[in-house]
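Written below as structure tokens is the structure these notes are about.
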Amino acid sequence: MLRSFVRARALWAGLLAFGLMSAQAQVTITYWQYDFKSKIEAIDELIKRFEAANPGIKVVHQTFPYDAYQQKVGSSIPAGQGPDVVNLFYGWLPTWVKAGYLVPLPENLVSPKQVDNDFVSMAQSAKMGGKYYGLPTAVRSLALFYNKDLFQQAGISKPPRTWAEFFEAGKKLTVKQGDRYTQIGYGISPDGQDHHLVREVLLRQMGGRPYSDDGRKVLFGGAEGLKAFTMYTDWVKKHGIGIPSFFPGNNGYRDGFIAGKIGMIIDGSFAIGTIRSGAKFNWGVAELPVEKVGGRKANFGSFWLHGITPLAKGPKLEASVKLLNFITSAEAQRYWLEKVGELPARKDLIKDPKLSLDPVYGPFILSLSYAKATPFVDEAAQRTVIVNAINRVLLQNMDPAQSWKIAVEEEQKILDSFYK
Amino acid sequence: MKRSRLSLATREALWAYAFLLIPLAFFLFIRIWPAFQALWLSLYDWNADPAKRAFVGLEHYAQMAQDPLIARSLRNTLLYTLIGVPAQLVLGLGIALLLNAVTRERLRDVFRAIYFAPYVTPAVAVAWVFSWMLSANFGVVNEMLRAVGLPAQDFLRNPSLALPTVTAVVVWQNLGFQVVLFLAGLQNIPRDYYEAARIDGADGRQLFRHITLPLLNPVMVFSAVIGTIAFLQLFTQVVNLSFTDQGGPLHSTLTVALYIYQVAFGRFDLGYAAAITVLLFAIILLITLVQLRLLSRRVEY
Amino acid sequence: MNKRLSSFFVYTLLTLGALAMVFPFVWMVLTSLKSFQELFDLRWLPQEPTLENYREVLFGTQFPRWFLNSLVVAGVTTVSVLFFDSLVGYTLAKLRFPGKNLIFVLILATLMVPTEMLIIPWYVMSVDYGWVNTFWGILFPGLISAFGVFLMRQFFESLPSDLLDAGRIDGLSEFGVFWRVAFPLVRPALAALGIFTFLGNWNAFLWPLVIIQTPEMRTLPVGVALFSGEAGTAWHLIMAASSLAVIPVLIVFFIFQRQIIEGVVLTGVKG
């Protein structure tokens, strides 16, 4: 009875809507992203512009808590009620595609060649089996944030350019009283951005590469990989320029930096807003240090993309692709940079010299040209592999070579089970 | 009337079924039927589209045997339960008895509210405060250790200390629940039992052993069984205390329920998650049945 | 036994314990009075106490609405649970009928399936019946709880059966015996169950998250999750929101505790 009542109500609502819309065909689609104030406002504004340009389409915008976002999407789509266009982290793409939560972008509406040409190269991580499953509005890279006031007090004039300079600075910035650190040089954080640092940055700077071209074989087990890994763990074990969870909590390294107790952190461009509003000292941003001056540069790039779910069918699919094209257009990306402060994903936009000379955005923008996005198949599990490799050395005093070997085996197992 | 012709026993049974009708229908539709769907799901590879779910038989169950994290999370979960349940039962009962011994009413009210406070404090807030209290560098707990000449400990980061530490936080938070429960149990004991025994010359210890303990037994059975079920499904506090390295460091705090969550919603592998759920269910059921049998026997005496 | 010595011990132990119990709570409240800049100051007392966080939470978000939503959900659920669970608990404890133990174990077994795995079937059901983003949708899974059934069964079990028989002899129906005789006698247990159920729903996160689609339907925990995001957690706001969520509950408990805990029994047990 309840059911029929509900149906009847829906029918009335439908009739009413039909009457109001006159005879025009109306499509309603739903867009989902996670809660973030400036992003919600930006998408609201973009939807307003989009609806004005496309009178036949109405977009419902819904947002959910960041920590439980995947769970929300994971339980909604199977029930047939959820987003038509959905925002997701690129590292989730393989598991989402495999579980049938996304459909490829129709090639007649989004030309893969055009995307290859127009977007920064890391956007190709949104491709699986040659097909694009979504497009980003903005991208991220890593850089070094440093506390200028602490640098000055320690007599360091410039941000480090090489890793040798980096841990020299780190040593000077570290203050210890008895067995207690009151200030540390580097905000080490294996489960923050450091696992990316080891896998994508240090390894490539040493001349290695993490995976084979087809992504099926782990290559970071070679000599370069071990060298990169050992250099990283030595920062704590040998040079003592930091300790993990100096500040407790989810983003303790960033909190500690904001509190003025940590000299340097390596963080993503998405952290700029938080640091800007929190830090009450002079701080600066620099490109990541390299092995030696003039040496090979490397960076980890990542992004959130907008994908299309199987719920978008027929006219909804068409409308969804239109929306997707609009929110990834040059106009939208320019607006996004201004409003949210995230770096645009289109090549011609990041060429803007005003941007690359910006003291805060500049280092991130410069890094985008050589940043690579790790081809994750199971982002959470692969992150844990590196985090655990680091923790075995830092917390259990395991020999780095042995720990790294375990990581290689675990990682290969994850790849094998995905590609089986 | 028809009713009067029924035997007393039949009448009682009919009343019982009438009382149970709505609740049983509720449990059947809202709890049991969905649980069977999960069981069914464990035989398939997950896909958002039901038509695309491939039947894999018992493959997910075989996969569990090969998965080192299953063994690890099972071991952790049992350890949490073995430490946590007795600890919260004994402490909860002890505090309830002490509170009952307070004769000044205002003071008792204040104490009760204070002991209840942890239970109402949201888990995120608790986790944040404890991670600071237990911090190796800044924490009060380590300050106290240093004051008595002991080495500082990184409670939540040391893989061999993390699990007991999380257990302690959970017990701390559950104490409010245990205290309210045992206070209710103590209130339920008729006062004349004590008077009668005292007239017979029983002292405090005897009153406790021969009246309080046996009459409190149903509440203790409840506390033990419910506490065990809850600890075997421990999840929220672990996530809150291990932050981005969920269940870490080095999987030392990972529980089965957390692993199910990660497999289901981090990996979108709900078929495998369902299989692990079935395993967890079987374990909890077995332990509960054993507990009920062992503990209820004591009720008889 | 020396009475004064023993009561000295009681008070000392309780006071020490109380400090350990209340300390994190106090810390939460103190942190809620700090600005974001002062958050990591590492001094307990806020140097420049501010109510700004409270203002932000109350007026910058839909917090008052979330509070109301939680009140409705937890309130309705508690009433339903108190009635149905005591009825079932009573039946399982005091009436004789075939299949009693089986039914008890069956109900208890429903507690052993983690909610995570029930969410998708519940959601499918809610979509079918149009319950998504409604109060009914948020609260229907909790209307009767196996936890409460078990609790009430344990308490009814220790009720002397002759009291109930007396009711029967007075001509009460079976429901009358339950409602007029047994129900009032377990008031301490009902109070405990009421508190547990209310708080359990007050703090519930997983299911409300899935069934709620719009900001104005959020319950407190889902709403408060807004303050924790990818680029950091606004601890100062979380602490203010948590304090706002908890303090009213604690005040209600404090005022009514004697009525609810002590119930019909006039005074506590004095050892």
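Simple scheme: letters A, B, ... for chains in structure tokens order, numbers from 1 for residues in each chain, numbers from 1 for ligands in the order shown.
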
So that I can check the secondary structure, give me every residue of range 25-67 of chain A assigned helix (DSSP H, G or I) by backbone DSSP, as a ChimeraX atom specification. /A:37-53,66-67

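Residues of range 87-268 of chain C that DSSP places in strand (DSSP E or B), based on the backbone of this structure, are Ser228, Gly229, Gly232 and Thr233 of chain C.
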
Save the residues we just selected, N, CA, C and O atoms, as a PDB file, in the first residue's frame?
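Written out: result-v5.pdb:
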ATOM      1  N   SER C 228      35.828  17.339   8.289  1.00  0.00           N
ATOM      2  CA  SER C 228      37.038  16.567   8.070  1.00  0.00           C
ATOM      3  C   SER C 228      37.153  16.286   6.582  1.00  0.00           C
ATOM      4  O   SER C 228      36.251  15.708   5.988  1.00  0.00           O
ATOM      5  N   GLY C 229      38.235  16.731   5.985  1.00  0.00           N
ATOM      6  CA  GLY C 229      38.326  16.616   4.535  1.00  0.00           C
ATOM      7  C   GLY C 229      39.685  16.175   4.062  1.00  0.00           C
ATOM      8  O   GLY C 229      40.531  15.772   4.856  1.00  0.00           O
ATOM      9  N   GLY C 232      42.830  18.234   5.335  1.00  0.00           N
ATOM     10  CA  GLY C 232      42.993  18.486   6.757  1.00  0.00           C
ATOM     11  C   GLY C 232      41.665  18.433   7.489  1.00  0.00           C
ATOM     12  O   GLY C 232      40.596  18.409   6.880  1.00  0.00           O
ATOM     13  N   THR C 233      41.777  18.414   8.806  1.00  0.00           N
ATOM     14  CA  THR C 233      40.599  18.307   9.638  1.00  0.00           C
ATOM     15  C   THR C 233      40.487  19.569  10.464  1.00  0.00           C
ATOM     16  O   THR C 233      41.464  19.995  11.074  1.00  0.00           O
TER      17      THR C 233
END

For a quick test of understanding: name the residues of chain C lying within 9 Å of chain A when counting only C-alpha atoms, and present them as a PyMOL selection string. chain C and resi 36-41+119-121+123-130+206+209-211+213-215+222-233

For those residues, write C-alpha atoms to a file as a PDB file, in the first residue's frame.
ATOM      1  CA  PHE C  36      42.539  27.423  14.562  1.00  0.00           C
ATOM      2  CA  GLN C  37      45.817  29.272  15.120  1.00  0.00           C
ATOM      3  CA  GLU C  38      45.899  28.299  18.752  1.00  0.00           C
ATOM      4  CA  LEU C  39      44.945  24.683  18.146  1.00  0.00           C
ATOM      5  CA  PHE C  40      48.492  23.389  18.232  1.00  0.00           C
ATOM      6  CA  ASP C  41      49.695  25.705  20.926  1.00  0.00           C
ATOM      7  CA  ILE C 119      23.628  -1.572   3.856  1.00  0.00           C
ATOM      8  CA  ILE C 120      23.243  -2.465   0.206  1.00  0.00           C
ATOM      9  CA  PRO C 121      20.122  -4.651   0.667  1.00  0.00           C
ATOM     10  CA  TYR C 123      19.351   0.692   0.308  1.00  0.00           C
ATOM     11  CA  VAL C 124      17.853  -1.360  -2.516  1.00  0.00           C
ATOM     12  CA  MET C 125      14.744  -1.792  -0.360  1.00  0.00           C
ATOM     13  CA  SER C 126      14.613   1.929   0.370  1.00  0.00           C
ATOM     14  CA  VAL C 127      14.874   2.843  -3.298  1.00  0.00           C
ATOM     15  CA  ASP C 128      12.041   0.409  -4.129  1.00  0.00           C
ATOM     16  CA  TYR C 129       9.725   1.870  -1.521  1.00  0.00           C
ATOM     17  CA  GLY C 130      10.767   5.496  -1.885  1.00  0.00           C
ATOM     18  CA  LEU C 206      27.169   4.350   8.553  1.00  0.00           C
ATOM     19  CA  LEU C 209      25.296   8.453   5.605  1.00  0.00           C
ATOM     20  CA  VAL C 210      24.061   6.132   2.888  1.00  0.00           C
ATOM     21  CA  ILE C 211      20.363   6.951   3.067  1.00  0.00           C
ATOM     22  CA  GLN C 213      21.109  12.710   0.157  1.00  0.00           C
ATOM     23  CA  THR C 214      20.641  16.359   1.065  1.00  0.00           C
ATOM     24  CA  PRO C 215      22.349  18.590   3.648  1.00  0.00           C
ATOM     25  CA  VAL C 222      26.980  12.862   9.162  1.00  0.00           C
ATOM     26  CA  GLY C 223      26.838  16.625   9.395  1.00  0.00           C
ATOM     27  CA  VAL C 224      29.905  16.900  11.598  1.00  0.00           C
ATOM     28  CA  ALA C 225      31.891  14.770   9.114  1.00  0.00           C
ATOM     29  CA  LEU C 226      31.801  17.903   6.954  1.00  0.00           C
ATOM     30  CA  PHE C 227      34.654  19.315   9.017  1.00  0.00           C
ATOM     31  CA  SER C 228      37.038  16.567   8.070  1.00  0.00           C
ATOM     32  CA  GLY C 229      38.326  16.616   4.535  1.00  0.00           C
ATOM     33  CA  GLU C 230      41.117  15.781   2.156  1.00  0.00           C
ATOM     34  CA  ALA C 231      43.352  18.698   2.998  1.00  0.00           C
ATOM     35  CA  GLY C 232      42.993  18.486   6.757  1.00  0.00           C
ATOM     36  CA  THR C 233      40.599  18.307   9.638  1.00  0.00           C
TER      37      THR C 233
END

Who sits within 6 Å of range 101-107 of chain A, only C-alpha atoms, same chain under 5 positions skipped, as a PyMOL selection string: (chain A and resi 96+132-133+308-310) or (chain B and resi 48)

I need the residues from that last selection saved to file as a PDB file, in the first residue's frame (with C-alpha atoms), if you can.
ATOM      1  CA  TRP A  96      35.528   1.174 -10.032  1.00  0.00           C
ATOM      2  CA  TYR A 132      38.804   7.351 -21.419  1.00  0.00           C
ATOM      3  CA  TYR A 133      36.571   6.889 -18.377  1.00  0.00           C
ATOM      4  CA  ILE A 308      30.030   8.713 -15.981  1.00  0.00           C
ATOM      5  CA  THR A 309      28.129   5.917 -14.270  1.00  0.00           C
ATOM      6  CA  PRO A 310      25.950   3.205 -15.814  1.00  0.00           C
TER       7      PRO A 310
ATOM      8  CA  ALA B  48      27.213  -2.864  -9.659  1.00  0.00           C
TER       9      ALA B  48
END

Compile the contact shell of range 236-239 of chain A as a count of residues only: residues with an atom at most 8 Å away, counting only C-alpha atoms, same-chain residues fewer than 3 positions apart removed. 7

Would you pick out the contacts of range 195-197 of chain B at 12 Å or less, using only C-alpha atoms, so that residues sharing its chain but fewer than 2 positions from it are not included, and give the list as a PyMOL selection string? (chain B and resi 189-193+199-212) or (chain C and resi 269-271)

Counting only C-alpha atoms, which residues of chain B come no farther than 8 Å from chain A, as a PyMOL selection string? chain B and resi 46-50+128+131-132+135-137+157-159+243-245+249-250+265-269

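Every protein, DNA or RNA residue with an atom at most 8 Å from Thr328 in chain A, where only C-alpha atoms count and chain neighbours fewer than 3 positions away do not, is listed here: Leu135, Pro136, Thr137, Leu324, Asn325, Ala332 and Gln333 of chain A.
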
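Across the structure, CA of Ala146 in chain C and CA of Val88 in chain C are spaced 9.5 Å apart.
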
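Our summary of the geometry notes that CA of Tyr146 in chain A is positioned 4.4 Å from CA of Met264 in chain A.
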
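CA of Ala298 in chain A to CA of Phe166 in chain A spans 16.0 Å [interatomic distance, one decimal].
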
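Across C:Ala241, C:Leu51, C:Ala93, C:Val113, the tightest approach to chain B is made by C:Val113 when counting only C-alpha atoms.
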
Mind checking which residues fall within 12 Å of Ser35 in chain C, counting only C-alpha atoms, ignoring those fewer than 6 positions away in the same chain, and posting them as JSON, numbers by chain? {"A": [277, 278], "C": [41, 45, 46, 47, 48, 49, 50, 51, 52, 53, 54, 55, 56, 234, 235, 236, 237, 239, 240]}

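Among the candidate residues B:Met144, B:Val239, B:Val56, B:Ala96, the one lying nearest to chain C is B:Ala96, with distances computed using only C-alpha atoms.
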